[in-house]
>>> print(open('target-v5.cif').read())   # mmCIF, N, CA and C atoms and all ligand atoms
data_model
#
loop_
_atom_site.label_atom_id
_atom_site.label_comp_id
_atom_site.auth_asym_id
_atom_site.auth_seq_id
_atom_site.Cartn_x
_atom_site.Cartn_y
_atom_site.Cartn_z
N MET A 972 9.19 -6.05 -1.67
CA MET A 972 8.97 -4.68 -1.16
C MET A 972 10.32 -4.02 -0.88
N CYS A 973 10.48 -2.77 -1.23
CA CYS A 973 11.78 -2.11 -1.07
C CYS A 973 12.02 -1.76 0.41
N ILE A 974 13.26 -1.46 0.72
CA ILE A 974 13.65 -1.24 2.13
C ILE A 974 12.90 -0.03 2.72
N PHE A 975 12.66 1.01 1.92
CA PHE A 975 11.95 2.16 2.48
C PHE A 975 10.47 1.86 2.66
N CYS A 976 9.88 1.04 1.79
CA CYS A 976 8.49 0.60 2.02
C CYS A 976 8.42 -0.20 3.33
N LYS A 977 9.45 -1.02 3.59
CA LYS A 977 9.47 -1.79 4.84
C LYS A 977 9.60 -0.87 6.05
N ILE A 978 10.40 0.19 5.92
CA ILE A 978 10.52 1.17 7.01
C ILE A 978 9.18 1.89 7.21
N VAL A 979 8.56 2.30 6.10
CA VAL A 979 7.24 2.96 6.18
C VAL A 979 6.24 2.06 6.90
N ASN A 980 6.30 0.73 6.62
CA ASN A 980 5.36 -0.23 7.22
C ASN A 980 5.81 -0.75 8.58
N ASN A 981 6.90 -0.16 9.12
CA ASN A 981 7.44 -0.57 10.42
C ASN A 981 7.91 -2.02 10.44
N GLU A 982 8.23 -2.57 9.28
CA GLU A 982 8.80 -3.93 9.24
C GLU A 982 10.30 -3.87 9.51
N ILE A 983 10.89 -2.71 9.28
CA ILE A 983 12.29 -2.46 9.64
C ILE A 983 12.27 -1.24 10.55
N PRO A 984 12.94 -1.31 11.72
CA PRO A 984 12.92 -0.16 12.63
C PRO A 984 13.71 1.02 12.06
N SER A 985 13.31 2.21 12.47
CA SER A 985 14.04 3.40 12.05
C SER A 985 13.86 4.47 13.12
N ASP A 986 14.72 5.47 13.05
CA ASP A 986 14.64 6.59 13.97
C ASP A 986 13.76 7.65 13.33
N LYS A 987 12.45 7.52 13.53
CA LYS A 987 11.49 8.42 12.89
C LYS A 987 11.39 9.72 13.68
N VAL A 988 11.50 10.84 13.00
CA VAL A 988 11.32 12.12 13.68
C VAL A 988 9.98 12.74 13.33
N TYR A 989 9.33 12.23 12.28
CA TYR A 989 8.01 12.76 11.89
C TYR A 989 7.28 11.73 11.05
N GLU A 990 5.97 11.68 11.22
CA GLU A 990 5.14 10.82 10.37
C GLU A 990 3.77 11.44 10.22
N ASP A 991 3.25 11.42 9.00
CA ASP A 991 1.83 11.71 8.79
C ASP A 991 1.31 10.72 7.77
N GLU A 992 0.13 10.97 7.22
CA GLU A 992 -0.46 9.98 6.32
C GLU A 992 0.26 9.91 4.98
N LYS A 993 1.10 10.93 4.70
CA LYS A 993 1.74 10.99 3.39
C LYS A 993 3.21 10.63 3.39
N MET A 994 3.88 10.85 4.50
CA MET A 994 5.34 10.69 4.49
C MET A 994 5.90 10.45 5.88
N ILE A 995 7.17 10.01 5.88
CA ILE A 995 7.93 9.95 7.12
C ILE A 995 9.22 10.75 6.93
N ILE A 996 9.76 11.23 8.04
CA ILE A 996 11.12 11.77 8.05
C ILE A 996 11.89 10.95 9.08
N ILE A 997 13.00 10.34 8.64
CA ILE A 997 13.81 9.50 9.54
C ILE A 997 15.24 10.02 9.54
N LYS A 998 15.98 9.60 10.57
CA LYS A 998 17.42 9.90 10.57
C LYS A 998 18.12 8.89 9.67
N ASP A 999 19.04 9.37 8.84
CA ASP A 999 19.80 8.46 7.98
C ASP A 999 20.70 7.58 8.85
N ILE A 1000 20.75 6.29 8.49
CA ILE A 1000 21.52 5.32 9.28
C ILE A 1000 23.03 5.57 9.15
N ASN A 1001 23.43 6.26 8.11
CA ASN A 1001 24.85 6.52 7.86
C ASN A 1001 25.03 8.01 7.57
N PRO A 1002 24.90 8.84 8.63
CA PRO A 1002 24.82 10.29 8.41
C PRO A 1002 26.05 10.88 7.73
N GLN A 1003 25.80 11.76 6.77
CA GLN A 1003 26.89 12.43 6.05
C GLN A 1003 26.99 13.91 6.43
N ALA A 1004 26.29 14.30 7.47
CA ALA A 1004 26.40 15.64 8.05
C ALA A 1004 25.91 15.50 9.49
N LYS A 1005 26.16 16.55 10.30
CA LYS A 1005 25.73 16.48 11.71
C LYS A 1005 24.25 16.15 11.81
N LYS A 1006 23.46 16.75 10.94
CA LYS A 1006 22.04 16.39 10.84
C LYS A 1006 21.83 15.84 9.44
N HIS A 1007 21.33 14.63 9.37
CA HIS A 1007 21.06 14.00 8.07
C HIS A 1007 19.76 13.21 8.18
N TYR A 1008 18.72 13.77 7.57
CA TYR A 1008 17.41 13.12 7.59
C TYR A 1008 17.06 12.67 6.17
N LEU A 1009 16.11 11.76 6.11
CA LEU A 1009 15.53 11.35 4.83
C LEU A 1009 14.04 11.62 4.88
N MET A 1010 13.54 12.39 3.91
CA MET A 1010 12.10 12.60 3.79
C MET A 1010 11.60 11.61 2.75
N ILE A 1011 10.73 10.70 3.19
CA ILE A 1011 10.33 9.57 2.34
C ILE A 1011 8.81 9.56 2.19
N PRO A 1012 8.31 9.78 0.97
CA PRO A 1012 6.86 9.65 0.78
C PRO A 1012 6.44 8.20 1.00
N LYS A 1013 5.26 7.99 1.54
CA LYS A 1013 4.81 6.61 1.80
C LYS A 1013 4.53 5.86 0.49
N ALA A 1014 4.07 6.59 -0.52
CA ALA A 1014 3.83 5.95 -1.82
C ALA A 1014 5.15 5.56 -2.45
N HIS A 1015 5.19 4.37 -3.04
CA HIS A 1015 6.43 3.91 -3.67
C HIS A 1015 6.50 4.38 -5.12
N PHE A 1016 7.52 5.17 -5.45
CA PHE A 1016 7.93 5.39 -6.83
C PHE A 1016 9.42 5.65 -6.79
N ALA A 1017 10.12 5.22 -7.84
CA ALA A 1017 11.57 5.09 -7.76
C ALA A 1017 12.30 6.42 -7.69
N ASP A 1018 11.85 7.38 -8.47
CA ASP A 1018 12.58 8.65 -8.57
C ASP A 1018 11.70 9.63 -9.33
N ILE A 1019 12.22 10.84 -9.56
CA ILE A 1019 11.35 11.86 -10.15
C ILE A 1019 10.94 11.54 -11.58
N THR A 1020 11.65 10.65 -12.25
CA THR A 1020 11.22 10.30 -13.61
C THR A 1020 9.94 9.46 -13.60
N GLU A 1021 9.55 8.97 -12.43
CA GLU A 1021 8.28 8.24 -12.30
C GLU A 1021 7.20 9.11 -11.66
N MET A 1022 7.45 10.40 -11.66
CA MET A 1022 6.53 11.33 -11.00
C MET A 1022 5.21 11.44 -11.77
N SER A 1023 4.12 11.24 -11.08
CA SER A 1023 2.78 11.49 -11.64
C SER A 1023 2.28 12.81 -11.07
N LYS A 1024 1.20 13.32 -11.64
CA LYS A 1024 0.59 14.54 -11.10
C LYS A 1024 0.23 14.34 -9.63
N GLU A 1025 -0.36 13.17 -9.35
CA GLU A 1025 -0.77 12.87 -7.97
C GLU A 1025 0.45 12.88 -7.03
N ASN A 1026 1.53 12.25 -7.48
CA ASN A 1026 2.71 12.20 -6.63
C ASN A 1026 3.41 13.56 -6.54
N ALA A 1027 3.30 14.35 -7.58
CA ALA A 1027 3.87 15.70 -7.52
C ALA A 1027 3.13 16.53 -6.46
N LEU A 1028 1.82 16.38 -6.41
CA LEU A 1028 1.04 17.10 -5.39
C LEU A 1028 1.39 16.57 -4.00
N LEU A 1029 1.58 15.27 -3.91
CA LEU A 1029 2.01 14.66 -2.64
C LEU A 1029 3.35 15.25 -2.18
N MET A 1030 4.30 15.36 -3.12
CA MET A 1030 5.61 15.91 -2.75
C MET A 1030 5.50 17.38 -2.36
N ALA A 1031 4.59 18.11 -3.01
CA ALA A 1031 4.39 19.52 -2.62
C ALA A 1031 3.96 19.59 -1.16
N ASP A 1032 3.06 18.71 -0.76
CA ASP A 1032 2.64 18.69 0.65
C ASP A 1032 3.81 18.35 1.57
N CYS A 1033 4.64 17.40 1.14
CA CYS A 1033 5.81 17.03 1.95
C CYS A 1033 6.73 18.24 2.14
N PHE A 1034 7.02 18.94 1.05
CA PHE A 1034 7.91 20.11 1.15
C PHE A 1034 7.29 21.21 2.01
N MET A 1035 5.99 21.40 1.86
CA MET A 1035 5.34 22.43 2.68
C MET A 1035 5.42 22.09 4.16
N LYS A 1036 5.24 20.81 4.49
CA LYS A 1036 5.36 20.39 5.89
C LYS A 1036 6.79 20.58 6.38
N LEU A 1037 7.74 20.15 5.55
CA LEU A 1037 9.15 20.30 5.93
C LEU A 1037 9.48 21.76 6.24
N ALA A 1038 8.92 22.68 5.46
CA ALA A 1038 9.20 24.11 5.66
C ALA A 1038 8.78 24.59 7.05
N THR A 1039 7.80 23.90 7.65
CA THR A 1039 7.34 24.29 8.99
C THR A 1039 8.19 23.64 10.09
N MET A 1040 9.08 22.72 9.72
CA MET A 1040 9.79 21.91 10.72
C MET A 1040 11.26 22.25 10.85
N VAL A 1041 11.69 23.31 10.14
CA VAL A 1041 13.11 23.63 10.07
C VAL A 1041 13.73 23.78 11.46
N ASP A 1042 13.08 24.56 12.33
CA ASP A 1042 13.65 24.81 13.66
C ASP A 1042 13.69 23.53 14.48
N GLU A 1043 12.59 22.77 14.48
CA GLU A 1043 12.57 21.58 15.34
C GLU A 1043 13.53 20.50 14.86
N LEU A 1044 13.93 20.56 13.59
CA LEU A 1044 14.92 19.61 13.08
C LEU A 1044 16.35 20.10 13.29
N GLY A 1045 16.50 21.30 13.87
CA GLY A 1045 17.84 21.84 14.13
C GLY A 1045 18.51 22.36 12.87
N LEU A 1046 17.69 22.87 11.95
CA LEU A 1046 18.20 23.30 10.65
C LEU A 1046 18.07 24.80 10.44
N GLU A 1047 17.92 25.54 11.55
CA GLU A 1047 17.62 26.98 11.44
C GLU A 1047 18.73 27.77 10.78
N ASP A 1048 19.96 27.25 10.77
CA ASP A 1048 21.05 27.97 10.13
C ASP A 1048 21.23 27.58 8.66
N GLY A 1049 20.33 26.76 8.15
CA GLY A 1049 20.39 26.39 6.74
C GLY A 1049 20.54 24.89 6.56
N PHE A 1050 20.31 24.46 5.35
CA PHE A 1050 20.36 23.02 5.05
C PHE A 1050 20.46 22.83 3.56
N ARG A 1051 20.65 21.58 3.17
CA ARG A 1051 20.74 21.23 1.74
C ARG A 1051 19.81 20.06 1.49
N LEU A 1052 19.05 20.13 0.39
CA LEU A 1052 18.19 19.03 -0.03
C LEU A 1052 18.82 18.37 -1.25
N VAL A 1053 18.85 17.03 -1.23
CA VAL A 1053 19.45 16.26 -2.33
C VAL A 1053 18.54 15.08 -2.63
N SER A 1054 18.36 14.78 -3.92
CA SER A 1054 17.67 13.55 -4.29
C SER A 1054 18.48 12.89 -5.40
N ASN A 1055 19.08 11.76 -5.08
CA ASN A 1055 19.93 11.05 -6.04
C ASN A 1055 19.07 10.23 -6.99
N LYS A 1056 19.52 10.11 -8.23
CA LYS A 1056 18.78 9.35 -9.23
C LYS A 1056 19.75 8.49 -10.05
N GLY A 1057 19.53 7.19 -10.03
CA GLY A 1057 20.23 6.29 -10.94
C GLY A 1057 21.71 6.09 -10.62
N VAL A 1058 22.38 5.44 -11.56
CA VAL A 1058 23.78 5.05 -11.35
C VAL A 1058 24.67 6.27 -11.17
N ASN A 1059 24.57 7.24 -12.08
CA ASN A 1059 25.45 8.42 -11.98
C ASN A 1059 25.15 9.25 -10.74
N GLY A 1060 23.91 9.23 -10.31
CA GLY A 1060 23.54 9.96 -9.09
C GLY A 1060 23.85 9.19 -7.82
N CYS A 1061 24.34 7.92 -7.98
CA CYS A 1061 24.67 7.06 -6.83
C CYS A 1061 23.45 6.77 -5.96
N GLN A 1062 22.29 6.61 -6.58
CA GLN A 1062 21.09 6.22 -5.82
C GLN A 1062 21.24 4.75 -5.42
N THR A 1063 21.04 4.48 -4.16
CA THR A 1063 21.14 3.09 -3.69
C THR A 1063 19.79 2.50 -3.31
N VAL A 1064 18.81 3.34 -3.01
CA VAL A 1064 17.47 2.85 -2.65
C VAL A 1064 16.48 3.40 -3.68
N PRO A 1065 15.88 2.50 -4.48
CA PRO A 1065 15.01 2.96 -5.58
C PRO A 1065 13.58 3.28 -5.13
N HIS A 1066 13.49 4.15 -4.14
CA HIS A 1066 12.21 4.67 -3.64
C HIS A 1066 12.49 6.15 -3.40
N LEU A 1067 11.80 7.03 -4.09
CA LEU A 1067 12.14 8.46 -4.03
C LEU A 1067 12.31 8.92 -2.59
N HIS A 1068 13.36 9.63 -2.34
CA HIS A 1068 13.59 10.20 -1.01
C HIS A 1068 14.42 11.46 -1.16
N ILE A 1069 14.23 12.36 -0.22
CA ILE A 1069 14.95 13.62 -0.21
C ILE A 1069 15.89 13.61 0.98
N HIS A 1070 17.18 13.71 0.70
CA HIS A 1070 18.16 13.88 1.78
C HIS A 1070 18.06 15.30 2.30
N ILE A 1071 18.06 15.45 3.61
CA ILE A 1071 18.06 16.77 4.26
C ILE A 1071 19.32 16.82 5.10
N LEU A 1072 20.24 17.69 4.70
CA LEU A 1072 21.57 17.74 5.33
C LEU A 1072 21.79 19.10 5.96
N GLY A 1073 22.29 19.12 7.17
CA GLY A 1073 22.56 20.40 7.82
C GLY A 1073 23.17 20.18 9.20
N GLY A 1074 22.92 21.15 10.08
CA GLY A 1074 23.47 21.07 11.43
C GLY A 1074 24.90 21.54 11.51
N GLU A 1075 25.47 21.89 10.38
CA GLU A 1075 26.85 22.39 10.32
C GLU A 1075 27.03 23.01 8.94
N LYS A 1076 28.15 23.73 8.76
CA LYS A 1076 28.45 24.30 7.44
C LYS A 1076 28.85 23.16 6.51
N LEU A 1077 28.15 23.04 5.40
CA LEU A 1077 28.41 21.96 4.45
C LEU A 1077 29.49 22.38 3.45
N ASP A 1078 30.06 21.39 2.78
CA ASP A 1078 31.06 21.68 1.75
C ASP A 1078 30.43 22.51 0.64
N ASP A 1079 31.14 23.54 0.16
CA ASP A 1079 30.54 24.34 -0.91
C ASP A 1079 30.59 23.63 -2.25
N LYS A 1080 31.34 22.54 -2.32
CA LYS A 1080 31.31 21.69 -3.52
C LYS A 1080 30.23 20.63 -3.29
N MET A 1081 29.31 20.49 -4.22
CA MET A 1081 28.15 19.64 -3.96
C MET A 1081 28.34 18.21 -4.44
N CYS A 1082 29.44 17.89 -5.07
CA CYS A 1082 29.60 16.49 -5.51
C CYS A 1082 31.00 15.99 -5.21
P1 LIG A 1101 20.56 7.05 -1.83
O1 LIG A 1101 21.94 6.46 -1.90
O2 LIG A 1101 19.56 6.12 -2.48
O3 LIG A 1101 20.47 8.45 -2.31
O4 LIG A 1101 20.22 7.16 -0.30
C1 LIG A 1101 19.86 6.08 0.49
C2 LIG A 1101 20.13 6.47 1.91
O5 LIG A 1101 19.42 5.58 2.75
C3 LIG A 1101 21.60 6.39 2.31
O6 LIG A 1101 22.04 7.66 2.79
C4 LIG A 1101 21.63 5.31 3.39
O7 LIG A 1101 22.53 5.61 4.43
C5 LIG A 1101 20.19 5.31 3.87
N1 LIG A 1101 19.72 4.03 4.38
C6 LIG A 1101 19.86 2.82 3.75
N2 LIG A 1101 19.28 1.87 4.49
C7 LIG A 1101 18.76 2.48 5.58
C8 LIG A 1101 18.05 2.00 6.73
O8 LIG A 1101 17.76 0.82 6.88
N3 LIG A 1101 17.68 2.92 7.66
C9 LIG A 1101 17.98 4.26 7.52
N4 LIG A 1101 17.56 5.06 8.50
N5 LIG A 1101 18.65 4.74 6.45
C10 LIG A 1101 19.04 3.85 5.51
ZN ZN A 1102 9.39 1.48 -1.73
#
>>> encode(input="target-v5.cif", output="structure tokens", more="lines below")
Ligand code: 5GP
Ligand code: ZN
Amino acid sequence: MCIFCKIVNNEIPSDKVYEDEKMIIIKDINPQAKKHYLMIPKAHFADITEMSKENALLMADCFMKLATMVDELGLEDGFRLVSNKGVNGCQTVPHLHIHILGGEKLDDKMC
């Protein structure tokens, strides 16, 4: 089982800021901005190239929920969403996740 599946199943502790039946949002253990969260669907699939119609609808629900949580996450002044894929994208955990970065002005260079 991958590390994010273990976090979803509470086998590994995490700083969860939100949970519903479809996803969790946790604080990244190694933050790269003042606010750095990970939005992780509970269903395991590695990245967007493994996206099914069902999982695409699941992600739509995740994004819609996230849109309602901007203020409570301290992201009212803006944020950046990132999803790394594969070796060139420097993905380290092969379970789709969306980085949510904000809480400060981010670098205008994205890589
Ligand atoms: P990736 O490199 O796959 O795009 O992102 C993986 C992210 O997961 C990294 O930012 C890393 O800091 C974070 N991460 C890895 N292991 C853990 C963990 O056990 N707990 C938390 N909260 N974040 C983790
Ligand atoms: Zn997984």
>>> residues_near_ligand(input="target-v5.cif", ligand="ligand ZN 1102 (chain A)", cutoff="7 Å", atoms="only C-alpha atoms and all ligand atoms", output="list in words")
Met972, Cys973, Ile974, Phe975, Cys976, His1015, Phe1016, Pro1065 and His1066 of chain A
>>> residues_near_ligand(input="target-v5.cif", ligand="ligand LIG 1101 (chain A)", cutoff="9 Å", atoms="only C-alpha atoms and all ligand atoms", output="PDB file with N, CA and C atoms, keeping the file's coordinate frame")
ATOM      1  N   ILE A 974      13.260  -1.460   0.720  1.00  0.00           N
ATOM      2  CA  ILE A 974      13.650  -1.240   2.130  1.00  0.00           C
ATOM      3  C   ILE A 974      12.900  -0.030   2.720  1.00  0.00           C
ATOM      4  N   PHE A 975      12.660   1.010   1.920  1.00  0.00           N
ATOM      5  CA  PHE A 975      11.950   2.160   2.480  1.00  0.00           C
ATOM      6  C   PHE A 975      10.470   1.860   2.660  1.00  0.00           C
ATOM      7  N   LYS A 977       9.450  -1.020   3.590  1.00  0.00           N
ATOM      8  CA  LYS A 977       9.470  -1.790   4.840  1.00  0.00           C
ATOM      9  C   LYS A 977       9.600  -0.870   6.050  1.00  0.00           C
ATOM     10  N   ILE A 978      10.400   0.190   5.920  1.00  0.00           N
ATOM     11  CA  ILE A 978      10.520   1.170   7.010  1.00  0.00           C
ATOM     12  C   ILE A 978       9.180   1.890   7.210  1.00  0.00           C
ATOM     13  N   ILE A 983      10.890  -2.710   9.280  1.00  0.00           N
ATOM     14  CA  ILE A 983      12.290  -2.460   9.640  1.00  0.00           C
ATOM     15  C   ILE A 983      12.270  -1.240  10.550  1.00  0.00           C
ATOM     16  N   PRO A 984      12.940  -1.310  11.720  1.00  0.00           N
ATOM     17  CA  PRO A 984      12.920  -0.160  12.630  1.00  0.00           C
ATOM     18  C   PRO A 984      13.710   1.020  12.060  1.00  0.00           C
ATOM     19  N   SER A 985      13.310   2.210  12.470  1.00  0.00           N
ATOM     20  CA  SER A 985      14.040   3.400  12.050  1.00  0.00           C
ATOM     21  C   SER A 985      13.860   4.470  13.120  1.00  0.00           C
ATOM     22  N   ASP A 986      14.720   5.470  13.050  1.00  0.00           N
ATOM     23  CA  ASP A 986      14.640   6.590  13.970  1.00  0.00           C
ATOM     24  C   ASP A 986      13.760   7.650  13.330  1.00  0.00           C
ATOM     25  N   LYS A 987      12.450   7.520  13.530  1.00  0.00           N
ATOM     26  CA  LYS A 987      11.490   8.420  12.890  1.00  0.00           C
ATOM     27  C   LYS A 987      11.390   9.720  13.680  1.00  0.00           C
ATOM     28  N   ILE A 997      13.000  10.340   8.640  1.00  0.00           N
ATOM     29  CA  ILE A 997      13.810   9.500   9.540  1.00  0.00           C
ATOM     30  C   ILE A 997      15.240  10.020   9.540  1.00  0.00           C
ATOM     31  N   LYS A 998      15.980   9.600  10.570  1.00  0.00           N
ATOM     32  CA  LYS A 998      17.420   9.900  10.570  1.00  0.00           C
ATOM     33  C   LYS A 998      18.120   8.890   9.670  1.00  0.00           C
ATOM     34  N   ASP A 999      19.040   9.370   8.840  1.00  0.00           N
ATOM     35  CA  ASP A 999      19.800   8.460   7.980  1.00  0.00           C
ATOM     36  C   ASP A 999      20.700   7.580   8.850  1.00  0.00           C
ATOM     37  N   ILE A1000      20.750   6.290   8.490  1.00  0.00           N
ATOM     38  CA  ILE A1000      21.520   5.320   9.280  1.00  0.00           C
ATOM     39  C   ILE A1000      23.030   5.570   9.150  1.00  0.00           C
ATOM     40  N   ASN A1001      23.430   6.260   8.110  1.00  0.00           N
ATOM     41  CA  ASN A1001      24.850   6.520   7.860  1.00  0.00           C
ATOM     42  C   ASN A1001      25.030   8.010   7.570  1.00  0.00           C
ATOM     43  N   PRO A1002      24.900   8.840   8.630  1.00  0.00           N
ATOM     44  CA  PRO A1002      24.820  10.290   8.410  1.00  0.00           C
ATOM     45  C   PRO A1002      26.050  10.880   7.730  1.00  0.00           C
ATOM     46  N   GLN A1003      25.800  11.760   6.770  1.00  0.00           N
ATOM     47  CA  GLN A1003      26.890  12.430   6.050  1.00  0.00           C
ATOM     48  C   GLN A1003      26.990  13.910   6.430  1.00  0.00           C
ATOM     49  N   HIS A1007      21.330  14.630   9.370  1.00  0.00           N
ATOM     50  CA  HIS A1007      21.060  14.000   8.070  1.00  0.00           C
ATOM     51  C   HIS A1007      19.760  13.210   8.180  1.00  0.00           C
ATOM     52  N   TYR A1008      18.720  13.770   7.570  1.00  0.00           N
ATOM     53  CA  TYR A1008      17.410  13.120   7.590  1.00  0.00           C
ATOM     54  C   TYR A1008      17.060  12.670   6.170  1.00  0.00           C
ATOM     55  N   LEU A1009      16.110  11.760   6.110  1.00  0.00           N
ATOM     56  CA  LEU A1009      15.530  11.350   4.830  1.00  0.00           C
ATOM     57  C   LEU A1009      14.040  11.620   4.880  1.00  0.00           C
ATOM     58  N   VAL A1053      18.850  17.030  -1.230  1.00  0.00           N
ATOM     59  CA  VAL A1053      19.450  16.260  -2.330  1.00  0.00           C
ATOM     60  C   VAL A1053      18.540  15.080  -2.630  1.00  0.00           C
ATOM     61  N   SER A1054      18.360  14.780  -3.920  1.00  0.00           N
ATOM     62  CA  SER A1054      17.670  13.550  -4.290  1.00  0.00           C
ATOM     63  C   SER A1054      18.480  12.890  -5.400  1.00  0.00           C
ATOM     64  N   ASN A1055      19.080  11.760  -5.080  1.00  0.00           N
ATOM     65  CA  ASN A1055      19.930  11.050  -6.040  1.00  0.00           C
ATOM     66  C   ASN A1055      19.070  10.230  -6.990  1.00  0.00           C
ATOM     67  N   LYS A1056      19.520  10.110  -8.230  1.00  0.00           N
ATOM     68  CA  LYS A1056      18.780   9.350  -9.230  1.00  0.00           C
ATOM     69  C   LYS A1056      19.750   8.490 -10.050  1.00  0.00           C
ATOM     70  N   GLY A1057      19.530   7.190 -10.030  1.00  0.00           N
ATOM     71  CA  GLY A1057      20.230   6.290 -10.940  1.00  0.00           C
ATOM     72  C   GLY A1057      21.710   6.090 -10.620  1.00  0.00           C
ATOM     73  N   GLY A1060      23.910   9.230 -10.310  1.00  0.00           N
ATOM     74  CA  GLY A1060      23.540   9.960  -9.090  1.00  0.00           C
ATOM     75  C   GLY A1060      23.850   9.190  -7.820  1.00  0.00           C
ATOM     76  N   CYS A1061      24.340   7.920  -7.980  1.00  0.00           N
ATOM     77  CA  CYS A1061      24.670   7.060  -6.830  1.00  0.00           C
ATOM     78  C   CYS A1061      23.450   6.770  -5.960  1.00  0.00           C
ATOM     79  N   GLN A1062      22.290   6.610  -6.580  1.00  0.00           N
ATOM     80  CA  GLN A1062      21.090   6.220  -5.820  1.00  0.00           C
ATOM     81  C   GLN A1062      21.240   4.750  -5.420  1.00  0.00           C
ATOM     82  N   THR A1063      21.040   4.480  -4.160  1.00  0.00           N
ATOM     83  CA  THR A1063      21.140   3.090  -3.690  1.00  0.00           C
ATOM     84  C   THR A1063      19.790   2.500  -3.310  1.00  0.00           C
ATOM     85  N   VAL A1064      18.810   3.340  -3.010  1.00  0.00           N
ATOM     86  CA  VAL A1064      17.470   2.850  -2.650  1.00  0.00           C
ATOM     87  C   VAL A1064      16.480   3.400  -3.680  1.00  0.00           C
ATOM     88  N   PRO A1065      15.880   2.500  -4.480  1.00  0.00           N
ATOM     89  CA  PRO A1065      15.010   2.960  -5.580  1.00  0.00           C
ATOM     90  C   PRO A1065      13.580   3.280  -5.130  1.00  0.00           C
ATOM     91  N   HIS A1066      13.490   4.150  -4.140  1.00  0.00           N
ATOM     92  CA  HIS A1066      12.210   4.670  -3.640  1.00  0.00           C
ATOM     93  C   HIS A1066      12.490   6.150  -3.400  1.00  0.00           C
ATOM     94  N   LEU A1067      11.800   7.030  -4.090  1.00  0.00           N
ATOM     95  CA  LEU A1067      12.140   8.460  -4.030  1.00  0.00           C
ATOM     96  C   LEU A1067      12.310   8.920  -2.590  1.00  0.00           C
ATOM     97  N   HIS A1068      13.360   9.630  -2.340  1.00  0.00           N
ATOM     98  CA  HIS A1068      13.590  10.200  -1.010  1.00  0.00           C
ATOM     99  C   HIS A1068      14.420  11.460  -1.160  1.00  0.00           C
ATOM    100  N   ILE A1069      14.230  12.360  -0.220  1.00  0.00           N
ATOM    101  CA  ILE A1069      14.950  13.620  -0.210  1.00  0.00           C
ATOM    102  C   ILE A1069      15.890  13.610   0.980  1.00  0.00           C
ATOM    103  N   HIS A1070      17.180  13.710   0.700  1.00  0.00           N
ATOM    104  CA  HIS A1070      18.160  13.880   1.780  1.00  0.00           C
ATOM    105  C   HIS A1070      18.060  15.300   2.300  1.00  0.00           C
TER     106      HIS A1070
END
>>> axis_aligned_box(input="target-v5.cif", around="region 1063-1075 of chain A", padding_each_side="3 Å", output="AutoDock Vina command-line options")
--center_x 19.4 --center_y 12.8 --center_z 3.0 --size_x 21.2 --size_y 26.5 --size_z 23.1
>>> atom_distance(input="target-v5.cif", atom1="atom N of Lys1024 (chain A)", atom2="CA of Leu1044 (chain A)")
29.0 Å
>>> closest_residue(input="target-v5.cif", among="A:Ala1038, A:Leu1046, A:Leu1052, A:Met1022", to="Gly1074 (chain A)", atoms="all atoms listed in the file")
A:Leu1046
>>> residues_around(input="target-v5.cif", residues="Cys1033 (chain A)", least_positions_apart="4", cutoff="8 Å", atoms="all atoms listed in the file", output="list in words")
Lys993, Met994, Met1010, Pro1012, Ala1027, Leu1028, Leu1029, Leu1037, Ala1038 and Thr1039 of chain A
>>> closest_residue(input="target-v5.cif", among="A:Ile995, A:Val1041, A:Met1081, A:Met1030", to="Lys1013 (chain A)", atoms="all atoms listed in the file")
A:Ile995
>>> atom_distance(input="target-v5.cif", atom1="CA of Asn1026 (chain A)", atom2="CA of Asp991 (chain A)")
15.5 Å
>>> select_by_dssp(input="target-v5.cif", residues="chain A", states="strand (DSSP E or B)", output="list in words")
Lys987, Val988, Tyr989, Glu990, Met994, Ile995, Ile996, Ile997, Lys998, Lys1006, His1007, Tyr1008, Leu1009, Met1010, Ile1011, Pro1012, Phe1050, Arg1051, Leu1052, Val1053, Ile1069, His1070, Ile1071, Leu1072 and Gly1073 of chain A
>>> atom_distance(input="target-v5.cif", atom1="atom N of Lys1005 (chain A)", atom2="atom C of Met1035 (chain A)")
22.3 Å
>>> select_by_dssp(input="target-v5.cif", residues="chain A", states="helix (DSSP H, G or I)", output="list in words")
Ile974, Phe975, Cys976, Lys977, Ile978, Val979, Ile1019, Thr1020, Glu1021, Lys1024, Glu1025, Asn1026, Ala1027, Leu1028, Leu1029, Met1030, Ala1031, Asp1032, Cys1033, Phe1034, Met1035, Lys1036, Leu1037, Ala1038 and Thr1039 of chain A
>>> closest_residue(input="target-v5.cif", among="A:Ile1071, A:Ile996, A:Ala1017, A:Leu1077", to="Arg1051 (chain A)", atoms="only N, CA and C atoms")
A:Ile1071
>>> closest_residue(input="target-v5.cif", among="A:Met1040, A:Lys1006, A:Thr1020, A:Ala1014", to="Glu1075 (chain A)", atoms="only N, CA and C atoms")
A:Lys1006
>>> decode(input="target-v5.cif", residues="region 991-1003 of chain A", atoms="C-alpha atoms", output="PDB file, in the first residue's frame")
ATOM      1  CA  ASP A 991     -14.784  13.659   3.705  1.00  0.00           C
ATOM      2  CA  GLU A 992     -15.741  10.386   2.051  1.00  0.00           C
ATOM      3  CA  LYS A 993     -13.794  11.270  -1.098  1.00  0.00           C
ATOM      4  CA  MET A 994     -10.606  12.995  -0.038  1.00  0.00           C
ATOM      5  CA  ILE A 995      -8.345  14.396   2.629  1.00  0.00           C
ATOM      6  CA  ILE A 996      -6.404  17.643   2.788  1.00  0.00           C
ATOM      7  CA  ILE A 997      -3.250  17.448   4.918  1.00  0.00           C
ATOM      8  CA  LYS A 998      -0.335  19.734   5.669  1.00  0.00           C
ATOM      9  CA  ASP A 999       2.772  18.773   3.701  1.00  0.00           C
ATOM     10  CA  ILE A1000       5.465  17.345   5.982  1.00  0.00           C
ATOM     11  CA  ASN A1001       8.126  19.385   4.162  1.00  0.00           C
ATOM     12  CA  PRO A1002       6.406  22.684   3.347  1.00  0.00           C
ATOM     13  CA  GLN A1003       7.669  24.641   0.343  1.00  0.00           C
TER      14      GLN A1003
END
